[in-house]
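Structure first, then comments.
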Amino acid sequence: MDFNVKKLVRDAGTALSRVVQLTEEKLGTSEKTELDAHFENLAERSDTTKLWTEKILRDTEAVLTPNPGNRVEDFLFEKIEKKRPNRLTNQEYLGLDMIEAGNDFGPGTAYGSALIKVGQSEQRLGQTERDFIGSASHCYIQPLRKFLDGEMKTIIKERSLLESKRLDLDACKNRLRKARSMQGQQTKDGISPEFLLEQAEKDLRVAQSEFDRQAEITKLLLESVSSSHASHLRCLHEFVETQAGYYAQCHQVMQDLQRDLNSYVKPAPMLRLNSEEVDLTTPTTTPALESFSSAVQ
């Protein structure tokens, strides 16, 4: 129990010291330890990577699942059930209704038969879309989310810890400057200035060591962002390949549907006049048809 109380008091004192140091920095009354330019560049690239990865992730999810309610449902299912819900796409619902309407109108009629054929194609398009969404989620969305939830959160945590160590270091530097300025003076509490100076120097050495160690750990994590970029590039290539395959399949389905529908189109009745064929369903007037009309009149 005594150990916990002492630790609580020590942690509270450290937190207060950090607040005081940060406040003095904001007011411009205290110096701040600056990190080197290379570290700052790494930190800026990490922030930029986080910003754009979050935006790209949201935009990709919106493309694959336009309905915001479905996106929330997918997110919850992935967290709880570890998989997305198996829902029909809008094209599959359209296909079902077209098939039902075609059967109701009569499969033997031209319109009913066409509705059934188009409905079946819409169902195939919907199934292709579902396959594409699943593949794109696996090869692109999941790696990006894993990066943000794993590596990027670790970087943020370590950078926050580094800032705390930096505040501790600067607070120790301030205490050392005060202890040096008190040399040769008598303190009110009876503690010798030499002891205060010795303690301040010891605290500074410890704080400097902890800061340097944390800076090196954070730097290594920030440098690993480059390998994450390479990994994201591979995922992007996979996403493009998946998307290209999806559109190619959709194009093939529509071409097959067009050929199927055109094969059932009956040829229009033709009338041959003076060695010229005339489409009776077309309201255009040809010279042969005008001669025929005149002869009839």
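Letters A, B, ... go to the chains of the structure tokens in the order shown; residues in each chain start at 1; ligands are counted from 1 in the same order.
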
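Shell of region 215-225 of chain A at 6 Å, with only C-alpha atoms counted and residues fewer than 3 places along the chain excluded, is Leu42, Glu158, Phe211, Asp212 and Ser228 of chain A.
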
Polymer residues at most 12 Å from Glu92 (chain A), only C-alpha atoms, same-chain spacing of 5 or more positions, as a PyMOL selection string: chain A and resi 87+97-99+118-130

Selection from above, N, CA, C and O atoms, as an mmCIF file, in the first residue's frame, can you write it?
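Below is the file out-v4.cif, written as the result:
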```cif
data_model
loop_
_atom_site.group_PDB
_atom_site.id
_atom_site.type_symbol
_atom_site.label_atom_id
_atom_site.label_comp_id
_atom_site.auth_asym_id
_atom_site.auth_seq_id
_atom_site.Cartn_x
_atom_site.Cartn_y
_atom_site.Cartn_z
ATOM 1 N N ARG A 87 -25.369 -9.898 -47.927
ATOM 2 C CA ARG A 87 -26.593 -9.248 -48.416
ATOM 3 C C ARG A 87 -26.576 -9.176 -49.938
ATOM 4 O O ARG A 87 -25.521 -9.109 -50.565
ATOM 5 N N ASP A 97 -36.803 -9.112 -59.435
ATOM 6 C CA ASP A 97 -38.087 -8.525 -59.807
ATOM 7 C C ASP A 97 -38.346 -8.655 -61.313
ATOM 8 O O ASP A 97 -39.485 -8.889 -61.744
ATOM 9 N N MET A 98 -37.309 -8.499 -62.128
ATOM 10 C CA MET A 98 -37.481 -8.649 -63.576
ATOM 11 C C MET A 98 -37.877 -10.081 -63.932
ATOM 12 O O MET A 98 -38.751 -10.305 -64.779
ATOM 13 N N ILE A 99 -37.234 -11.064 -63.290
ATOM 14 C CA ILE A 99 -37.561 -12.461 -63.556
ATOM 15 C C ILE A 99 -38.990 -12.765 -63.130
ATOM 16 O O ILE A 99 -39.754 -13.441 -63.850
ATOM 17 N N VAL A 118 -32.872 -10.431 -69.168
ATOM 18 C CA VAL A 118 -32.189 -9.278 -68.572
ATOM 19 C C VAL A 118 -32.061 -9.466 -67.067
ATOM 20 O O VAL A 118 -31.023 -9.146 -66.468
ATOM 21 N N GLY A 119 -33.097 -9.991 -66.434
ATOM 22 C CA GLY A 119 -33.041 -10.225 -64.992
ATOM 23 C C GLY A 119 -31.940 -11.196 -64.607
ATOM 24 O O GLY A 119 -31.232 -10.995 -63.610
ATOM 25 N N GLN A 120 -31.788 -12.257 -65.398
ATOM 26 C CA GLN A 120 -30.717 -13.217 -65.121
ATOM 27 C C GLN A 120 -29.338 -12.571 -65.260
ATOM 28 O O GLN A 120 -28.426 -12.841 -64.469
ATOM 29 N N SER A 121 -29.199 -11.701 -66.251
ATOM 30 C CA SER A 121 -27.924 -10.992 -66.429
ATOM 31 C C SER A 121 -27.676 -10.025 -65.278
ATOM 32 O O SER A 121 -26.543 -9.876 -64.808
ATOM 33 N N GLU A 122 -28.727 -9.354 -64.809
ATOM 34 C CA GLU A 122 -28.576 -8.440 -63.675
ATOM 35 C C GLU A 122 -28.152 -9.205 -62.425
ATOM 36 O O GLU A 122 -27.345 -8.715 -61.625
ATOM 37 N N GLN A 123 -28.664 -10.425 -62.285
ATOM 38 C CA GLN A 123 -28.245 -11.241 -61.146
ATOM 39 C C GLN A 123 -26.768 -11.610 -61.247
ATOM 40 O O GLN A 123 -26.045 -11.596 -60.249
ATOM 41 N N ARG A 124 -26.325 -11.929 -62.450
ATOM 42 C CA ARG A 124 -24.910 -12.246 -62.622
ATOM 43 C C ARG A 124 -24.034 -11.024 -62.356
ATOM 44 O O ARG A 124 -22.960 -11.135 -61.751
ATOM 45 N N LEU A 125 -24.501 -9.854 -62.780
ATOM 46 C CA LEU A 125 -23.757 -8.624 -62.500
ATOM 47 C C LEU A 125 -23.687 -8.363 -60.996
ATOM 48 O O LEU A 125 -22.655 -7.948 -60.470
ATOM 49 N N GLY A 126 -24.799 -8.599 -60.308
ATOM 50 C CA GLY A 126 -24.816 -8.395 -58.855
ATOM 51 C C GLY A 126 -23.887 -9.347 -58.130
ATOM 52 O O GLY A 126 -23.185 -8.950 -57.189
ATOM 53 N N GLN A 127 -23.857 -10.616 -58.573
ATOM 54 C CA GLN A 127 -22.953 -11.580 -57.960
ATOM 55 C C GLN A 127 -21.496 -11.207 -58.225
ATOM 56 O O GLN A 127 -20.638 -11.312 -57.344
ATOM 57 N N THR A 128 -21.240 -10.724 -59.442
ATOM 58 C CA THR A 128 -19.886 -10.269 -59.771
ATOM 59 C C THR A 128 -19.488 -9.084 -58.900
ATOM 60 O O THR A 128 -18.342 -8.993 -58.441
ATOM 61 N N GLU A 129 -20.430 -8.187 -58.657
ATOM 62 C CA GLU A 129 -20.151 -7.032 -57.794
ATOM 63 C C GLU A 129 -19.849 -7.477 -56.363
ATOM 64 O O GLU A 129 -18.926 -6.962 -55.725
ATOM 65 N N ARG A 130 -20.596 -8.449 -55.874
ATOM 66 C CA ARG A 130 -20.338 -8.936 -54.517
ATOM 67 C C ARG A 130 -18.962 -9.580 -54.401
ATOM 68 O O ARG A 130 -18.242 -9.393 -53.413
#
```

Which residues in region 138-209 of chain A does DSSP call alpha helix (DSSP H)? List them as number ranges by chain. A: 142-147, 153-181, 193-209

Shell around region 194-201 of chain A at 10 Å using only C-alpha atoms, local window under 5 positions removed, as JSON, numbers by chain: {"A": [172, 173, 174, 175, 176, 177, 178, 179, 180, 181, 182, 183, 184, 187, 206, 207]}

Write out as a compact mmCIF listing (two decimals) with N, CA and C atoms, in the first residue's frame which residues come within 8 Å of Glu238 (chain A) when counting only C-alpha atoms, dropping same-chain ones fewer than 3 positions away.
```txt
# COMPACT_ATOMS: atom_id res chain seq x y z
N CYS A 139 -7.94 -7.38 -50.26
CA CYS A 139 -6.61 -7.03 -50.76
C CYS A 139 -6.23 -5.58 -50.52
N TYR A 140 -7.21 -4.71 -50.20
CA TYR A 140 -6.87 -3.29 -50.08
C TYR A 140 -7.37 -2.66 -48.78
N ARG A 234 1.93 -2.44 -53.21
CA ARG A 234 1.56 -3.78 -53.68
C ARG A 234 0.05 -4.01 -53.54
N CYS A 235 -0.52 -3.54 -52.45
CA CYS A 235 -1.97 -3.67 -52.25
C CYS A 235 -2.74 -2.87 -53.31
N GLU A 241 -5.91 -4.63 -60.22
CA GLU A 241 -6.11 -5.88 -60.95
C GLU A 241 -7.52 -6.43 -60.67
N THR A 242 -7.94 -6.36 -59.42
CA THR A 242 -9.28 -6.84 -59.06
C THR A 242 -10.36 -6.01 -59.73
```

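By only C-alpha atoms, and with residues fewer than 6 positions from Ile56 (chain A) along its chain excluded, the set lying at most 12 Å from it is Thr49, Lys50, Ala62, Val63, Tyr140, Ile141, Leu144, Arg145, Leu148, His232 and Leu236 of chain A.
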
Could you write out, as a PyMOL selection string, all the residues of region 145-281 of chain A that DSSP marks as strand (DSSP E or B)? chain A and resi 270-273+276-279

Take the residues from that selection and write them out as a PDB file, in the first residue's frame, keeping N, CA, C and O atoms.
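Once everything was written out, this is part20.pdb:
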```pdb
ATOM      1  N   MET A 270     -40.395  -6.533 -95.262  1.00  0.00           N
ATOM      2  CA  MET A 270     -39.822  -5.744 -96.343  1.00  0.00           C
ATOM      3  C   MET A 270     -40.723  -5.835 -97.572  1.00  0.00           C
ATOM      4  O   MET A 270     -41.388  -6.851 -97.828  1.00  0.00           O
ATOM      5  N   LEU A 271     -40.759  -4.790 -98.369  1.00  0.00           N
ATOM      6  CA  LEU A 271     -41.509  -4.726 -99.626  1.00  0.00           C
ATOM      7  C   LEU A 271     -40.533  -4.376-100.740  1.00  0.00           C
ATOM      8  O   LEU A 271     -39.776  -3.409-100.640  1.00  0.00           O
ATOM      9  N   ARG A 272     -40.497  -5.206-101.801  1.00  0.00           N
ATOM     10  CA  ARG A 272     -39.584  -4.970-102.922  1.00  0.00           C
ATOM     11  C   ARG A 272     -40.336  -4.217-104.015  1.00  0.00           C
ATOM     12  O   ARG A 272     -41.353  -4.673-104.531  1.00  0.00           O
ATOM     13  N   LEU A 273     -39.848  -3.048-104.360  1.00  0.00           N
ATOM     14  CA  LEU A 273     -40.421  -2.211-105.414  1.00  0.00           C
ATOM     15  C   LEU A 273     -39.300  -1.774-106.341  1.00  0.00           C
ATOM     16  O   LEU A 273     -38.346  -1.129-105.915  1.00  0.00           O
ATOM     17  N   GLU A 276     -35.906  -2.490-105.291  1.00  0.00           N
ATOM     18  CA  GLU A 276     -35.498  -1.778-104.073  1.00  0.00           C
ATOM     19  C   GLU A 276     -36.325  -2.275-102.913  1.00  0.00           C
ATOM     20  O   GLU A 276     -37.560  -2.328-102.990  1.00  0.00           O
ATOM     21  N   GLU A 277     -35.654  -2.666-101.820  1.00  0.00           N
ATOM     22  CA  GLU A 277     -36.342  -3.164-100.633  1.00  0.00           C
ATOM     23  C   GLU A 277     -36.712  -2.002 -99.717  1.00  0.00           C
ATOM     24  O   GLU A 277     -35.886  -1.137 -99.434  1.00  0.00           O
ATOM     25  N   VAL A 278     -37.957  -2.026 -99.237  1.00  0.00           N
ATOM     26  CA  VAL A 278     -38.469  -0.947 -98.391  1.00  0.00           C
ATOM     27  C   VAL A 278     -38.924  -1.545 -97.071  1.00  0.00           C
ATOM     28  O   VAL A 278     -39.683  -2.520 -97.056  1.00  0.00           O
ATOM     29  N   ASP A 279     -38.430  -0.965 -95.960  1.00  0.00           N
ATOM     30  CA  ASP A 279     -38.824  -1.391 -94.618  1.00  0.00           C
ATOM     31  C   ASP A 279     -40.176  -0.770 -94.309  1.00  0.00           C
ATOM     32  O   ASP A 279     -40.323   0.461 -94.202  1.00  0.00           O
TER      33      ASP A 279
END
```

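Of note, CA of Ala43 (chain A) and CA of Arg159 (chain A) are spaced 8.8 Å apart.
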